[in-house]
Amino acid sequence: MPYPSRLATDHLYMYRYFVFVLILLIGCRSMSNSAHAPVTAAEDVARIVFLGNSITYNGQYIKAIETYYRYHFPNRNIEFINVGLSSETVSGLSEPGHADGAFPRPVLQERLDRVLALTKPDLVLACYGMNDGIYLPLDESRFRKFREGILHLRRKVRDSGASIVHLTPPVYDEHKGGKQGYDKVLEHYGEGLLRTGKEKNWEVVDIHEPMKAFLAAQQESDPEYSFSPDGVHPDRTGHWLMAREILLYLGHGGVAETTGIKEALGGRPNVDQVIQLVEARQNLMRDAWLSATGHNRPGVKAGLPLEQAKRKAAELDVQIQALLK
């Protein structure tokens, strides 16, 4: 069942053009979908906000993308803002006994208005689905809740003046996670996003199938291989596969065959130090943004007051810039 469109037919072309131009300004693919040399982001595209669950909260894929952009556009001030929240869904569903009964899964709708108001994004990248099927077999009522949550998210983002790019759910490694058949649920969710992307001119990046293909290829020679020890949460390799597909979507064709950020940067200087500083900055600001925008998920590390965190982040920026020269 396709997602309904909120745009009248006569507005579709203008919306498509608007979204394309914004993403092109941060170095995206061409209209023909072919890879091209990255272009410098425009001055009016300054904030890219990432929404998602614990995979986004961990944020290794965001850190890799930021590191890549730091090297390619060292004179640009693009803010990569991670406000991913562990356990979160867009569907509002929560399995019985989640977290041993300590709390139900948080739902994005509870905090979305605050996040958009405070972060003021130009572009939002959203990665949901892994938790939305609540690790149960495919069910149309649960899938409908996911669709409704995605539509709500899109409406709110667009009403804020930002554009949105959806990511299909990451792969679920059934061998490690133990929920047989659950990756098919995620495939179904991802296919729904991709189908609607074609029908309604949504911007959608497929990360699921490339991750699945990489996993299958590795397991041909090593059946025990996994980049997700618990079936859900990717390690650095899995996160790089996510980052790589986003970078390819944004036009950075040179990363196509790479398996990590270091390889993608091709011998650039001081990579280890820059990665470490970018990760420190990302963690600092993620915690600050989550505390500032608020949420109802227990057990999340509290961040510094936002202005204090920004001052510390500025100090890290100085160190990063010095290493890029």
# chains A, B, ... in the order shown; residues from 1 in each chain; ligands from 1

$ residues_around --residues "Ile48 in chain A" --least-positions-apart "2" --cutoff "6 Å" --atoms "only C-alpha atoms" --output "list of chain:residue names"
A:Phe80, A:Pro121, A:Leu123, A:Val124

$ write_last_selection --atoms "C-alpha atoms" --output "mmCIF file, in the first residue's frame"
data_model
loop_
_atom_site.group_PDB
_atom_site.id
_atom_site.type_symbol
_atom_site.label_atom_id
_atom_site.label_comp_id
_atom_site.auth_asym_id
_atom_site.auth_seq_id
_atom_site.Cartn_x
_atom_site.Cartn_y
_atom_site.Cartn_z
ATOM 1 C CA PHE A 80 26.101 17.585 11.621
ATOM 2 C CA PRO A 121 17.733 22.093 10.333
ATOM 3 C CA LEU A 123 18.081 19.024 5.963
ATOM 4 C CA VAL A 124 16.973 16.008 8.022
#

$ select_by_dssp --residues "range 41-160 of chain A" --states "strand (DSSP E)" --output "list of chain:residue names"
A:Arg47, A:Ile48, A:Val49, A:Phe50, A:Leu51, A:Gly52, A:Glu79, A:Phe80, A:Ile81, A:Asn82, A:Leu123, A:Val124, A:Leu125, A:Ala126, A:Cys127

$ write_last_selection --atoms "C-alpha atoms" --output "mmCIF file, in the first residue's frame"
data_model
loop_
_atom_site.group_PDB
_atom_site.id
_atom_site.type_symbol
_atom_site.label_atom_id
_atom_site.label_comp_id
_atom_site.auth_asym_id
_atom_site.auth_seq_id
_atom_site.Cartn_x
_atom_site.Cartn_y
_atom_site.Cartn_z
ATOM 1 C CA ARG A 47 22.599 22.310 9.580
ATOM 2 C CA ILE A 48 21.994 18.645 8.851
ATOM 3 C CA VAL A 49 20.036 16.833 11.565
ATOM 4 C CA PHE A 50 20.042 13.049 11.975
ATOM 5 C CA LEU A 51 17.041 11.351 13.578
ATOM 6 C CA GLY A 52 16.818 7.683 14.487
ATOM 7 C CA GLU A 79 26.930 21.306 11.432
ATOM 8 C CA PHE A 80 26.101 17.585 11.621
ATOM 9 C CA ILE A 81 23.628 17.300 14.503
ATOM 10 C CA ASN A 82 22.877 13.876 15.969
ATOM 11 C CA LEU A 123 18.081 19.024 5.963
ATOM 12 C CA VAL A 124 16.973 16.008 8.022
ATOM 13 C CA LEU A 125 18.175 12.431 7.508
ATOM 14 C CA ALA A 126 15.899 9.926 9.251
ATOM 15 C CA CYS A 127 16.627 6.245 9.909
#

$ residues_around --residues "range 165-178 of chain A" --least-positions-apart "6" --cutoff "8 Å" --atoms "only C-alpha atoms" --output "NGL selection string"
:A and (123-130 or 186-187 or 189-191 or 193-194 or 202-209 or 211-212 or 226 or 228-232 or 242)

$ write_last_selection --atoms "N, CA and C atoms" --output "JSON list (two decimals), in the first residue's frame"
[["chain", "number", "residue", "atom", "x", "y", "z"],
["A", 123, "LEU", "N", 18.30, 20.36, 6.51],
["A", 123, "LEU", "CA", 18.08, 19.02, 5.96],
["A", 123, "LEU", "C", 18.04, 18.03, 7.11],
["A", 124, "VAL", "N", 17.10, 17.08, 7.03],
["A", 124, "VAL", "CA", 16.97, 16.01, 8.02],
["A", 124, "VAL", "C", 17.20, 14.67, 7.33],
["A", 125, "LEU", "N", 18.03, 13.83, 7.94],
["A", 125, "LEU", "CA", 18.17, 12.43, 7.51],
["A", 125, "LEU", "C", 17.59, 11.56, 8.61],
["A", 126, "ALA", "N", 16.63, 10.71, 8.25],
["A", 126, "ALA", "CA", 15.90, 9.93, 9.25],
["A", 126, "ALA", "C", 16.04, 8.44, 8.98],
["A", 127, "CYS", "N", 16.42, 7.69, 10.02],
["A", 127, "CYS", "CA", 16.63, 6.24, 9.91],
["A", 127, "CYS", "C", 15.77, 5.52, 10.95],
["A", 128, "TYR", "N", 14.64, 5.00, 10.51],
["A", 128, "TYR", "CA", 13.73, 4.28, 11.40],
["A", 128, "TYR", "C", 13.32, 2.95, 10.75],
["A", 129, "GLY", "N", 12.70, 2.11, 11.55],
["A", 129, "GLY", "CA", 12.22, 0.82, 11.07],
["A", 129, "GLY", "C", 12.70, -0.35, 11.90],
["A", 130, "MET", "N", 13.98, -0.30, 12.33],
["A", 130, "MET", "CA", 14.53, -1.44, 13.07],
["A", 130, "MET", "C", 13.67, -1.78, 14.28],
["A", 186, "LEU", "N", 11.97, -5.96, 7.84],
["A", 186, "LEU", "CA", 12.69, -4.71, 7.55],
["A", 186, "LEU", "C", 12.79, -4.47, 6.05],
["A", 187, "GLU", "N", 12.96, -5.55, 5.28],
["A", 187, "GLU", "CA", 12.95, -5.41, 3.83],
["A", 187, "GLU", "C", 11.62, -4.82, 3.36],
["A", 189, "TYR", "N", 9.55, -2.93, 5.05],
["A", 189, "TYR", "CA", 9.48, -1.53, 5.44],
["A", 189, "TYR", "C", 10.33, -0.67, 4.48],
["A", 190, "GLY", "N", 11.52, -1.18, 4.18],
["A", 190, "GLY", "CA", 12.39, -0.44, 3.28],
["A", 190, "GLY", "C", 11.81, -0.35, 1.88],
["A", 191, "GLU", "N", 11.24, -1.46, 1.40],
["A", 191, "GLU", "CA", 10.64, -1.45, 0.06],
["A", 191, "GLU", "C", 9.48, -0.46, -0.01],
["A", 193, "LEU", "N", 9.31, 2.38, 1.62],
["A", 193, "LEU", "CA", 9.91, 3.70, 1.47],
["A", 193, "LEU", "C", 10.43, 3.92, 0.05],
["A", 194, "LEU", "N", 11.12, 2.91, -0.49],
["A", 194, "LEU", "CA", 11.67, 3.04, -1.83],
["A", 194, "LEU", "C", 10.58, 3.16, -2.88],
["A", 202, "TRP", "N", 9.89, 11.18, -3.21],
["A", 202, "TRP", "CA", 10.60, 11.31, -1.95],
["A", 202, "TRP", "C", 12.08, 11.03, -2.17],
["A", 203, "GLU", "N", 12.89, 11.58, -1.29],
["A", 203, "GLU", "CA", 14.33, 11.29, -1.30],
["A", 203, "GLU", "C", 14.58, 10.13, -0.33],
["A", 204, "VAL", "N", 15.03, 8.99, -0.85],
["A", 204, "VAL", "CA", 15.23, 7.79, -0.04],
["A", 204, "VAL", "C", 16.57, 7.16, -0.39],
["A", 205, "VAL", "N", 17.36, 6.85, 0.62],
["A", 205, "VAL", "CA", 18.63, 6.16, 0.45],
["A", 205, "VAL", "C", 18.47, 4.72, 0.93],
["A", 206, "ASP", "N", 18.77, 3.78, 0.06],
["A", 206, "ASP", "CA", 18.68, 2.36, 0.44],
["A", 206, "ASP", "C", 19.99, 1.93, 1.08],
["A", 207, "ILE", "N", 19.99, 1.75, 2.37],
["A", 207, "ILE", "CA", 21.16, 1.21, 3.05],
["A", 207, "ILE", "C", 21.00, -0.28, 3.34],
["A", 208, "HIS", "N", 19.76, -0.76, 3.35],
["A", 208, "HIS", "CA", 19.49, -2.14, 3.73],
["A", 208, "HIS", "C", 20.10, -3.15, 2.77],
["A", 209, "GLU", "N", 19.82, -3.00, 1.49],
["A", 209, "GLU", "CA", 20.28, -3.99, 0.53],
["A", 209, "GLU", "C", 21.81, -4.02, 0.40],
["A", 211, "MET", "N", 23.98, -3.30, 2.74],
["A", 211, "MET", "CA", 24.47, -3.94, 3.96],
["A", 211, "MET", "C", 24.23, -5.45, 3.90],
["A", 212, "LYS", "N", 23.07, -5.83, 3.43],
["A", 212, "LYS", "CA", 22.73, -7.26, 3.33],
["A", 212, "LYS", "C", 23.66, -7.96, 2.36],
["A", 226, "SER", "N", 30.01, -11.44, 11.17],
["A", 226, "SER", "CA", 28.92, -10.49, 11.35],
["A", 226, "SER", "C", 29.51, -9.13, 11.69],
["A", 228, "SER", "N", 27.44, -7.15, 13.20],
["A", 228, "SER", "CA", 26.44, -6.79, 14.20],
["A", 228, "SER", "C", 26.35, -7.92, 15.23],
["A", 229, "PRO", "N", 27.14, -7.85, 16.29],
["A", 229, "PRO", "CA", 27.21, -8.96, 17.24],
["A", 229, "PRO", "C", 25.87, -9.37, 17.85],
["A", 230, "ASP", "N", 24.94, -8.42, 18.00],
["A", 230, "ASP", "CA", 23.63, -8.76, 18.56],
["A", 230, "ASP", "C", 22.55, -8.82, 17.49],
["A", 231, "GLY", "N", 22.95, -8.71, 16.24],
["A", 231, "GLY", "CA", 21.99, -8.74, 15.14],
["A", 231, "GLY", "C", 21.40, -7.40, 14.78],
["A", 232, "VAL", "N", 21.48, -6.44, 15.69],
["A", 232, "VAL", "CA", 20.83, -5.13, 15.51],
["A", 232, "VAL", "C", 21.85, -4.02, 15.30],
["A", 242, "MET", "N", 26.69, 2.14, 6.05],
["A", 242, "MET", "CA", 25.62, 3.14, 6.07],
["A", 242, "MET", "C", 26.13, 4.48, 5.56]]

$ residues_around --residues "Val83 in chain A" --least-positions-apart "6" --cutoff "10 Å" --atoms "only C-alpha atoms" --output "PyMOL selection string"
chain A and resi 49-53+56-57+59+115+119+285-291+293

$ residues_around --residues "Asn131 in chain A" --least-positions-apart "5" --cutoff "12 Å" --atoms "only C-alpha atoms" --output "VMD selection string"
chain A and resid 52 to 55 85 to 95 98 104 to 108 136 142 to 143 146 169 to 172 182 to 183 185 to 186 189 232 to 233

$ write_last_selection --atoms "C-alpha atoms" --output "mmCIF file, in the first residue's frame"
data_model
loop_
_atom_site.group_PDB
_atom_site.id
_atom_site.type_symbol
_atom_site.label_atom_id
_atom_site.label_comp_id
_atom_site.auth_asym_id
_atom_site.auth_seq_id
_atom_site.Cartn_x
_atom_site.Cartn_y
_atom_site.Cartn_z
ATOM 1 C CA GLY A 52 16.818 7.683 14.487
ATOM 2 C CA ASN A 53 17.096 5.071 17.185
ATOM 3 C CA SER A 54 20.092 3.575 19.024
ATOM 4 C CA ILE A 55 21.999 3.015 15.778
ATOM 5 C CA LEU A 85 17.477 8.319 20.675
ATOM 6 C CA SER A 86 17.934 4.711 21.779
ATOM 7 C CA SER A 87 14.824 2.462 21.621
ATOM 8 C CA GLU A 88 12.826 5.050 19.671
ATOM 9 C CA THR A 89 10.188 4.362 17.020
ATOM 10 C CA VAL A 90 8.070 6.467 14.680
ATOM 11 C CA SER A 91 5.232 3.946 14.977
ATOM 12 C CA GLY A 92 4.509 4.506 18.665
ATOM 13 C CA LEU A 93 4.575 0.751 19.238
ATOM 14 C CA SER A 94 6.353 -1.086 22.030
ATOM 15 C CA GLU A 95 6.581 -4.813 22.615
ATOM 16 C CA HIS A 98 10.388 -3.923 26.657
ATOM 17 C CA PRO A 104 7.915 1.472 26.873
ATOM 18 C CA ARG A 105 9.735 2.507 23.739
ATOM 19 C CA PRO A 106 9.842 6.279 23.285
ATOM 20 C CA VAL A 107 8.129 7.652 20.197
ATOM 21 C CA LEU A 108 9.589 10.399 18.034
ATOM 22 C CA LEU A 136 7.733 -9.663 15.532
ATOM 23 C CA ARG A 142 2.138 -2.522 12.630
ATOM 24 C CA PHE A 143 3.279 -1.557 9.120
ATOM 25 C CA PHE A 146 5.076 2.853 10.700
ATOM 26 C CA PRO A 169 16.175 0.253 7.883
ATOM 27 C CA PRO A 170 19.630 -1.306 8.371
ATOM 28 C CA VAL A 171 19.978 -5.041 7.943
ATOM 29 C CA TYR A 172 19.092 -7.388 10.803
ATOM 30 C CA TYR A 182 12.709 -10.328 11.011
ATOM 31 C CA ASP A 183 14.994 -9.069 8.271
ATOM 32 C CA VAL A 185 10.029 -7.395 7.902
ATOM 33 C CA LEU A 186 12.685 -4.713 7.552
ATOM 34 C CA TYR A 189 9.480 -1.526 5.439
ATOM 35 C CA VAL A 232 20.834 -5.129 15.511
ATOM 36 C CA HIS A 233 23.682 -2.754 16.271
#

$ atom_distance --atom1 "CA of Ala217 in chain A" --atom2 "CA of Thr258 in chain A"
14.8 Å

$ closest_atom_pairs --of "range 61-115 of chain A" --to "range 303-318 of chain A" --cutoff "12 Å" --atoms "only C-alpha atoms" --output "Markdown table"
| residue | atom | partner | partner_atom | distance |
| --- | --- | --- | --- | --- |
| A:Thr67 | CA | A:Asp317 | CA | 11.8 |
| A:Arg70 | CA | A:Asp317 | CA | 10.1 |
| A:Pro74 | CA | A:Asp317 | CA | 10.6 |
| A:Asn75 | CA | A:Asp317 | CA | 11.4 |
| A:Arg76 | CA | A:Asp317 | CA | 11.6 |
| A:Asn77 | CA | A:Asp317 | CA | 9.8 |
| A:Ile78 | CA | A:Asp317 | CA | 11.5 |
| A:Glu79 | CA | A:Ala313 | CA | 11.0 |
| A:Ile81 | CA | A:Lys310 | CA | 11.9 |
| A:Val83 | CA | A:Gly303 | CA | 11.9 |

$ write_last_selection --atoms "N, CA and C atoms" --output "compact mmCIF listing (two decimals), in the first residue's frame"
# COMPACT_ATOMS: atom_id res chain seq x y z
N THR A 67 33.60 13.44 9.21
CA THR A 67 35.05 13.39 8.97
C THR A 67 35.35 13.53 7.48
N ARG A 70 34.81 17.10 6.53
CA ARG A 70 35.85 17.97 7.10
C ARG A 70 37.06 18.03 6.18
N PRO A 74 37.19 21.79 4.10
CA PRO A 74 37.73 22.26 5.38
C PRO A 74 37.36 23.69 5.73
N ASN A 75 36.94 24.47 4.76
CA ASN A 75 36.60 25.87 5.03
C ASN A 75 35.11 26.10 5.20
N ARG A 76 34.35 25.04 5.20
CA ARG A 76 32.90 25.17 5.37
C ARG A 76 32.49 24.80 6.79
N ASN A 77 31.48 25.45 7.27
CA ASN A 77 31.00 25.22 8.63
C ASN A 77 29.65 24.52 8.57
N ILE A 78 29.67 23.25 8.20
CA ILE A 78 28.45 22.45 8.15
C ILE A 78 28.30 21.73 9.49
N GLU A 79 27.18 21.93 10.13
CA GLU A 79 26.93 21.31 11.43
C GLU A 79 26.15 20.00 11.24
N ILE A 81 24.26 17.37 13.18
CA ILE A 81 23.63 17.30 14.50
C ILE A 81 22.95 15.94 14.69
N VAL A 83 20.64 13.71 16.89
CA VAL A 83 19.65 13.64 17.96
C VAL A 83 18.95 12.28 17.95
